[in-house]
Amino acid sequence: MNPQNTDCIFCKIIAGEIPSTIAYRDKDVVVFADIKQDVPVHMLVVPVRHIPSVAVLKDADLPLVGKMVAAANQVAREKGLAERGYRLTINSGADGGQDVQHLHMHLMGGRPLKWEN
Ligand code: AMP
Ligand code: ZN
């Protein structure tokens with residue numbers, strides 16, 4: 001499979017050109033481990049389609065966001081996070097701390113998380 005956007009690291013992960021630990025995949029959504037394992041569970045939930053950020057989502061894309069949340073919830077259950085809880089975060093733009101310009105949701109958990117800004 002060729003990456004949709006050859007400059008995009010997440011498109012390359014989705015296409016299998018860059019190795020990653022994939023926890024979930026369907027035709028629309030992929031969940032893989034964040035390279036930064038700063039908390040016991042840190043996964044990234046991404047649409048297969050290259051969408052640069054949450055800020056450019058169109059109304060027609062909104063079901064895809066629901067699928068991303070459903071995939072995150074499934075992986076959270078599989079990782080044993082359901083009972084104690086977890087965090088889903090989408091960073092957008094420079095002030096939001098978005099470093100990779102392919103829409104992604106962080107799934108983090110496995111210990112109590114602080115809220116820092
Ligand atoms: P953000 O700052 O919200 O754009 O998050 C980007 C995330 O991508 C960071 O948490 C990085 O650790 C993660 N990341 C960057 N490169 C890779 C990679 N090759 N595999 C997995 N995660 C990555
Ligand atoms: Zn991409």
# chains A, B, ... in the order shown; residues from 1 in each chain; ligands from 1
>>> residues_near_ligand(ligand="ligand 2", cutoff="8 Å", atoms="only C-alpha atoms and all ligand atoms", output="PyMOL selection string")
chain A and resi 3-12+48-52+101-103
>>> residues_around(residues="segment 65-67 of chain A", least_positions_apart="2", cutoff="10 Å", atoms="only C-alpha atoms", output="number ranges by chain")
A: 26, 28-29, 45-47, 54, 57, 61-63, 69-73, 103-105
>>> closest_atom_pairs(of="chain A", to="ligand 1", cutoff="6 Å", atoms="only C-alpha atoms and all ligand atoms", output="tab-separated table")
residue	atom	partner	partner_atom_place_in_ligand_line	distance
A:Ala33	CA	ligand 1	21 (C)	5.9
A:Asp34	CA	ligand 1	22 (N)	3.7
A:Ile35	CA	ligand 1	21 (C)	4.0
A:Lys36	CA	ligand 1	12 (O)	4.4
A:Asn91	CA	ligand 1	3 (O)	4.8
A:Gly97	CA	ligand 1	2 (O)	5.2
A:Gln98	CA	ligand 1	4 (O)	3.6
A:Asp99	CA	ligand 1	4 (O)	3.5
A:Val100	CA	ligand 1	4 (O)	4.1
>>> write_last_selection(atoms="all heavy atoms", output="CSV table (one decimal), in the first residue's frame")
chain,number,residue,atom,x,y,z
A,33,ALA,N,1.0,2.2,18.8
A,33,ALA,CA,1.6,2.7,20.0
A,33,ALA,C,2.4,4.0,19.6
A,33,ALA,O,3.1,4.1,18.6
A,33,ALA,CB,2.6,1.7,20.5
A,34,ASP,N,2.3,5.0,20.5
A,34,ASP,CA,3.1,6.2,20.4
A,34,ASP,C,4.5,5.8,20.7
A,34,ASP,O,4.8,5.0,21.6
A,34,ASP,CB,2.6,7.3,21.4
A,34,ASP,CG,3.2,8.7,21.1
A,34,ASP,OD1,4.4,8.9,21.1
A,34,ASP,OD2,2.4,9.6,20.8
A,35,ILE,N,5.5,6.4,20.0
A,35,ILE,CA,6.9,6.1,20.2
A,35,ILE,C,7.3,6.5,21.6
A,35,ILE,O,8.2,6.0,22.1
A,35,ILE,CB,7.7,6.7,19.0
A,35,ILE,CG1,9.0,6.0,18.8
A,35,ILE,CG2,7.9,8.2,19.3
A,35,ILE,CD1,9.6,6.3,17.5
A,36,LYS,N,6.6,7.5,22.1
A,36,LYS,CA,6.9,8.1,23.4
A,36,LYS,C,6.1,7.3,24.5
A,36,LYS,O,4.9,7.5,24.6
A,36,LYS,CB,6.6,9.5,23.5
A,36,LYS,CG,7.1,10.3,24.6
A,36,LYS,CD,6.9,11.8,24.4
A,36,LYS,CE,5.5,12.2,24.3
A,36,LYS,NZ,5.3,13.6,24.1
A,91,ASN,N,-4.7,17.3,19.9
A,91,ASN,CA,-4.0,18.6,19.8
A,91,ASN,C,-4.2,19.2,18.4
A,91,ASN,O,-4.2,18.4,17.4
A,91,ASN,CB,-2.5,18.4,20.1
A,91,ASN,CG,-2.2,17.9,21.5
A,91,ASN,OD1,-2.9,18.2,22.4
A,91,ASN,ND2,-1.2,17.0,21.6
A,97,GLY,N,-0.2,22.3,20.4
A,97,GLY,CA,0.9,21.4,20.6
A,97,GLY,C,0.9,20.2,19.6
A,97,GLY,O,1.4,19.2,19.8
A,98,GLN,N,0.3,20.5,18.4
A,98,GLN,CA,0.3,19.5,17.3
A,98,GLN,C,1.6,19.5,16.6
A,98,GLN,O,1.9,20.4,15.9
A,98,GLN,CB,-0.9,19.8,16.4
A,98,GLN,CG,-1.0,18.7,15.3
A,98,GLN,CD,-2.1,18.9,14.3
A,98,GLN,OE1,-2.8,20.0,14.3
A,98,GLN,NE2,-2.3,18.0,13.4
A,99,ASP,N,2.3,18.4,16.7
A,99,ASP,CA,3.6,18.2,16.0
A,99,ASP,C,3.5,17.5,14.7
A,99,ASP,O,4.3,17.7,13.8
A,99,ASP,CB,4.6,17.5,16.9
A,99,ASP,CG,5.0,18.3,18.1
A,99,ASP,OD1,5.0,19.5,17.9
A,99,ASP,OD2,5.2,17.7,19.2
A,100,VAL,N,2.5,16.6,14.6
A,100,VAL,CA,2.4,15.8,13.3
A,100,VAL,C,1.1,16.2,12.7
A,100,VAL,O,0.0,16.2,13.3
A,100,VAL,CB,2.4,14.2,13.7
A,100,VAL,CG1,2.1,13.4,12.4
A,100,VAL,CG2,3.7,13.8,14.3
>>> select_by_dssp(residues="segment 4-48 of chain A", states="strand (DSSP E or B)", output="PDB file with all heavy atoms, in the first residue's frame")
ATOM      1  N   ILE A  22       0.833  -2.035  16.020  1.00  0.00           N
ATOM      2  CA  ILE A  22      -0.563  -1.719  15.711  1.00  0.00           C
ATOM      3  C   ILE A  22      -1.483  -2.536  16.605  1.00  0.00           C
ATOM      4  O   ILE A  22      -1.343  -3.751  16.722  1.00  0.00           O
ATOM      5  CB  ILE A  22      -0.842  -1.965  14.214  1.00  0.00           C
ATOM      6  CG1 ILE A  22      -0.050  -0.933  13.395  1.00  0.00           C
ATOM      7  CG2 ILE A  22      -2.336  -1.871  13.908  1.00  0.00           C
ATOM      8  CD1 ILE A  22      -0.237  -0.996  11.909  1.00  0.00           C
ATOM      9  N   ALA A  23      -2.417  -1.850  17.261  1.00  0.00           N
ATOM     10  CA  ALA A  23      -3.344  -2.505  18.185  1.00  0.00           C
ATOM     11  C   ALA A  23      -4.716  -2.708  17.555  1.00  0.00           C
ATOM     12  O   ALA A  23      -5.495  -3.547  18.022  1.00  0.00           O
ATOM     13  CB  ALA A  23      -3.489  -1.669  19.459  1.00  0.00           C
ATOM     14  N   TYR A  24      -5.035  -1.933  16.532  1.00  0.00           N
ATOM     15  CA  TYR A  24      -6.375  -1.996  15.914  1.00  0.00           C
ATOM     16  C   TYR A  24      -6.267  -1.448  14.503  1.00  0.00           C
ATOM     17  O   TYR A  24      -5.535  -0.474  14.252  1.00  0.00           O
ATOM     18  CB  TYR A  24      -7.361  -1.128  16.717  1.00  0.00           C
ATOM     19  CG  TYR A  24      -8.732  -1.047  16.093  1.00  0.00           C
ATOM     20  CD1 TYR A  24      -9.749  -1.922  16.473  1.00  0.00           C
ATOM     21  CD2 TYR A  24      -9.018  -0.093  15.112  1.00  0.00           C
ATOM     22  CE1 TYR A  24     -11.007  -1.848  15.881  1.00  0.00           C
ATOM     23  CE2 TYR A  24     -10.259  -0.016  14.522  1.00  0.00           C
ATOM     24  CZ  TYR A  24     -11.255  -0.891  14.910  1.00  0.00           C
ATOM     25  OH  TYR A  24     -12.484  -0.825  14.329  1.00  0.00           O
ATOM     26  N   ARG A  25      -6.978  -2.078  13.596  1.00  0.00           N
ATOM     27  CA  ARG A  25      -7.016  -1.550  12.235  1.00  0.00           C
ATOM     28  C   ARG A  25      -8.336  -1.952  11.584  1.00  0.00           C
ATOM     29  O   ARG A  25      -8.749  -3.111  11.665  1.00  0.00           O
ATOM     30  CB  ARG A  25      -5.858  -2.125  11.410  1.00  0.00           C
ATOM     31  CG  ARG A  25      -5.838  -1.646   9.954  1.00  0.00           C
ATOM     32  CD  ARG A  25      -4.840  -2.430   9.125  1.00  0.00           C
ATOM     33  NE  ARG A  25      -3.483  -1.960   9.233  1.00  0.00           N
ATOM     34  CZ  ARG A  25      -2.956  -0.972   8.497  1.00  0.00           C
ATOM     35  NH1 ARG A  25      -3.682  -0.365   7.585  1.00  0.00           N
ATOM     36  NH2 ARG A  25      -1.708  -0.613   8.645  1.00  0.00           N
ATOM     37  N   VAL A  29      -9.796   3.408  10.314  1.00  0.00           N
ATOM     38  CA  VAL A  29      -9.079   3.849  11.522  1.00  0.00           C
ATOM     39  C   VAL A  29      -7.956   2.866  11.857  1.00  0.00           C
ATOM     40  O   VAL A  29      -8.123   1.647  11.715  1.00  0.00           O
ATOM     41  CB  VAL A  29     -10.051   3.935  12.730  1.00  0.00           C
ATOM     42  CG1 VAL A  29      -9.306   4.308  14.008  1.00  0.00           C
ATOM     43  CG2 VAL A  29     -11.166   4.940  12.453  1.00  0.00           C
ATOM     44  N   VAL A  30      -6.812   3.415  12.291  1.00  0.00           N
ATOM     45  CA  VAL A  30      -5.693   2.591  12.782  1.00  0.00           C
ATOM     46  C   VAL A  30      -5.301   3.124  14.160  1.00  0.00           C
ATOM     47  O   VAL A  30      -5.309   4.339  14.390  1.00  0.00           O
ATOM     48  CB  VAL A  30      -4.490   2.656  11.813  1.00  0.00           C
ATOM     49  CG1 VAL A  30      -3.301   1.869  12.363  1.00  0.00           C
ATOM     50  CG2 VAL A  30      -4.872   2.117  10.429  1.00  0.00           C
ATOM     51  N   VAL A  31      -4.983   2.202  15.073  1.00  0.00           N
ATOM     52  CA  VAL A  31      -4.479   2.565  16.401  1.00  0.00           C
ATOM     53  C   VAL A  31      -3.116   1.915  16.577  1.00  0.00           C
ATOM     54  O   VAL A  31      -2.983   0.700  16.421  1.00  0.00           O
ATOM     55  CB  VAL A  31      -5.433   2.100  17.519  1.00  0.00           C
ATOM     56  CG1 VAL A  31      -4.914   2.578  18.877  1.00  0.00           C
ATOM     57  CG2 VAL A  31      -6.859   2.599  17.277  1.00  0.00           C
ATOM     58  N   PHE A  32      -2.112   2.735  16.882  1.00  0.00           N
ATOM     59  CA  PHE A  32      -0.768   2.199  17.081  1.00  0.00           C
ATOM     60  C   PHE A  32      -0.114   2.871  18.285  1.00  0.00           C
ATOM     61  O   PHE A  32      -0.557   3.921  18.756  1.00  0.00           O
ATOM     62  CB  PHE A  32       0.107   2.364  15.823  1.00  0.00           C
ATOM     63  CG  PHE A  32       0.218   3.755  15.297  1.00  0.00           C
ATOM     64  CD1 PHE A  32       1.235   4.599  15.727  1.00  0.00           C
ATOM     65  CD2 PHE A  32      -0.681   4.249  14.370  1.00  0.00           C
ATOM     66  CE1 PHE A  32       1.360   5.903  15.232  1.00  0.00           C
ATOM     67  CE2 PHE A  32      -0.583   5.550  13.876  1.00  0.00           C
ATOM     68  CZ  PHE A  32       0.438   6.370  14.301  1.00  0.00           C
ATOM     69  N   ALA A  33       0.957   2.236  18.763  1.00  0.00           N
ATOM     70  CA  ALA A  33       1.643   2.750  19.960  1.00  0.00           C
ATOM     71  C   ALA A  33       2.408   4.019  19.634  1.00  0.00           C
ATOM     72  O   ALA A  33       3.121   4.082  18.629  1.00  0.00           O
ATOM     73  CB  ALA A  33       2.592   1.690  20.506  1.00  0.00           C
ATOM     74  N   VAL A  41       0.255   3.273  29.105  1.00  0.00           N
ATOM     75  CA  VAL A  41      -0.385   3.076  27.794  1.00  0.00           C
ATOM     76  C   VAL A  41      -0.448   4.426  27.084  1.00  0.00           C
ATOM     77  O   VAL A  41      -1.032   5.385  27.619  1.00  0.00           O
ATOM     78  CB  VAL A  41      -1.814   2.489  27.931  1.00  0.00           C
ATOM     79  CG1 VAL A  41      -2.474   2.371  26.560  1.00  0.00           C
ATOM     80  CG2 VAL A  41      -1.786   1.140  28.636  1.00  0.00           C
ATOM     81  N   HIS A  42       0.198   4.531  25.933  1.00  0.00           N
ATOM     82  CA  HIS A  42       0.096   5.749  25.105  1.00  0.00           C
ATOM     83  C   HIS A  42      -0.035   5.291  23.659  1.00  0.00           C
ATOM     84  O   HIS A  42       0.930   4.819  23.057  1.00  0.00           O
ATOM     85  CB  HIS A  42       1.339   6.631  25.295  1.00  0.00           C
ATOM     86  CG  HIS A  42       1.203   7.985  24.652  1.00  0.00           C
ATOM     87  ND1 HIS A  42       2.083   9.016  24.907  1.00  0.00           N
ATOM     88  CD2 HIS A  42       0.290   8.486  23.764  1.00  0.00           C
ATOM     89  CE1 HIS A  42       1.713  10.089  24.218  1.00  0.00           C
ATOM     90  NE2 HIS A  42       0.640   9.789  23.501  1.00  0.00           N
ATOM     91  N   MET A  43      -1.249   5.399  23.148  1.00  0.00           N
ATOM     92  CA  MET A  43      -1.554   4.970  21.786  1.00  0.00           C
ATOM     93  C   MET A  43      -2.008   6.184  20.973  1.00  0.00           C
ATOM     94  O   MET A  43      -2.451   7.192  21.533  1.00  0.00           O
ATOM     95  CB  MET A  43      -2.695   3.934  21.785  1.00  0.00           C
ATOM     96  CG  MET A  43      -2.533   2.770  22.747  1.00  0.00           C
ATOM     97  SD  MET A  43      -1.142   1.692  22.384  1.00  0.00           S
ATOM     98  CE  MET A  43      -1.647   0.981  20.823  1.00  0.00           C
ATOM     99  N   LEU A  44      -1.914   6.068  19.659  1.00  0.00           N
ATOM    100  CA  LEU A  44      -2.414   7.098  18.753  1.00  0.00           C
ATOM    101  C   LEU A  44      -3.504   6.502  17.883  1.00  0.00           C
ATOM    102  O   LEU A  44      -3.331   5.410  17.320  1.00  0.00           O
ATOM    103  CB  LEU A  44      -1.274   7.631  17.878  1.00  0.00           C
ATOM    104  CG  LEU A  44      -0.160   8.347  18.643  1.00  0.00           C
ATOM    105  CD1 LEU A  44       1.026   8.622  17.718  1.00  0.00           C
ATOM    106  CD2 LEU A  44      -0.664   9.642  19.266  1.00  0.00           C
ATOM    107  N   VAL A  45      -4.608   7.217  17.795  1.00  0.00           N
ATOM    108  CA  VAL A  45      -5.769   6.789  17.016  1.00  0.00           C
ATOM    109  C   VAL A  45      -5.837   7.702  15.797  1.00  0.00           C
ATOM    110  O   VAL A  45      -5.987   8.921  15.952  1.00  0.00           O
ATOM    111  CB  VAL A  45      -7.053   6.923  17.856  1.00  0.00           C
ATOM    112  CG1 VAL A  45      -8.264   6.415  17.092  1.00  0.00           C
ATOM    113  CG2 VAL A  45      -6.894   6.223  19.208  1.00  0.00           C
ATOM    114  N   VAL A  46      -5.701   7.141  14.608  1.00  0.00           N
ATOM    115  CA  VAL A  46      -5.611   7.986  13.410  1.00  0.00           C
ATOM    116  C   VAL A  46      -6.598   7.514  12.339  1.00  0.00           C
ATOM    117  O   VAL A  46      -6.846   6.316  12.207  1.00  0.00           O
ATOM    118  CB  VAL A  46      -4.176   7.974  12.812  1.00  0.00           C
ATOM    119  CG1 VAL A  46      -3.156   8.425  13.836  1.00  0.00           C
ATOM    120  CG2 VAL A  46      -3.814   6.627  12.257  1.00  0.00           C
ATOM    121  N   PRO A  47      -7.130   8.453  11.555  1.00  0.00           N
ATOM    122  CA  PRO A  47      -7.898   8.043  10.383  1.00  0.00           C
ATOM    123  C   PRO A  47      -6.931   7.551   9.304  1.00  0.00           C
ATOM    124  O   PRO A  47      -5.818   8.069   9.177  1.00  0.00           O
ATOM    125  CB  PRO A  47      -8.604   9.327   9.938  1.00  0.00           C
ATOM    126  CG  PRO A  47      -7.737  10.429  10.444  1.00  0.00           C
ATOM    127  CD  PRO A  47      -7.046   9.921  11.678  1.00  0.00           C
TER     128      PRO A  47
END
>>> atom_distance(atom1="atom CA of Val75 of chain A", atom2="atom CA of Ile14 of chain A")
17.0 Å
>>> select_by_dssp(residues="segment 39-112 of chain A", states="alpha helix (DSSP H)", output="count of residues only")
21
>>> closest_residue(among="A:Leu64, A:Val56, A:Ala82, A:Ile90", to="Gly110 of chain A", atoms="only C-alpha atoms")
A:Ala82
>>> atom_distance(atom1="atom CA of Gly96 of chain A", atom2="atom CA of Glu78 of chain A")
28.7 Å
>>> closest_residue(among="A:Leu113, A:Ile13, A:Ala60, A:Met68", to="Tyr86 of chain A", atoms="only C-alpha atoms")
A:Leu113
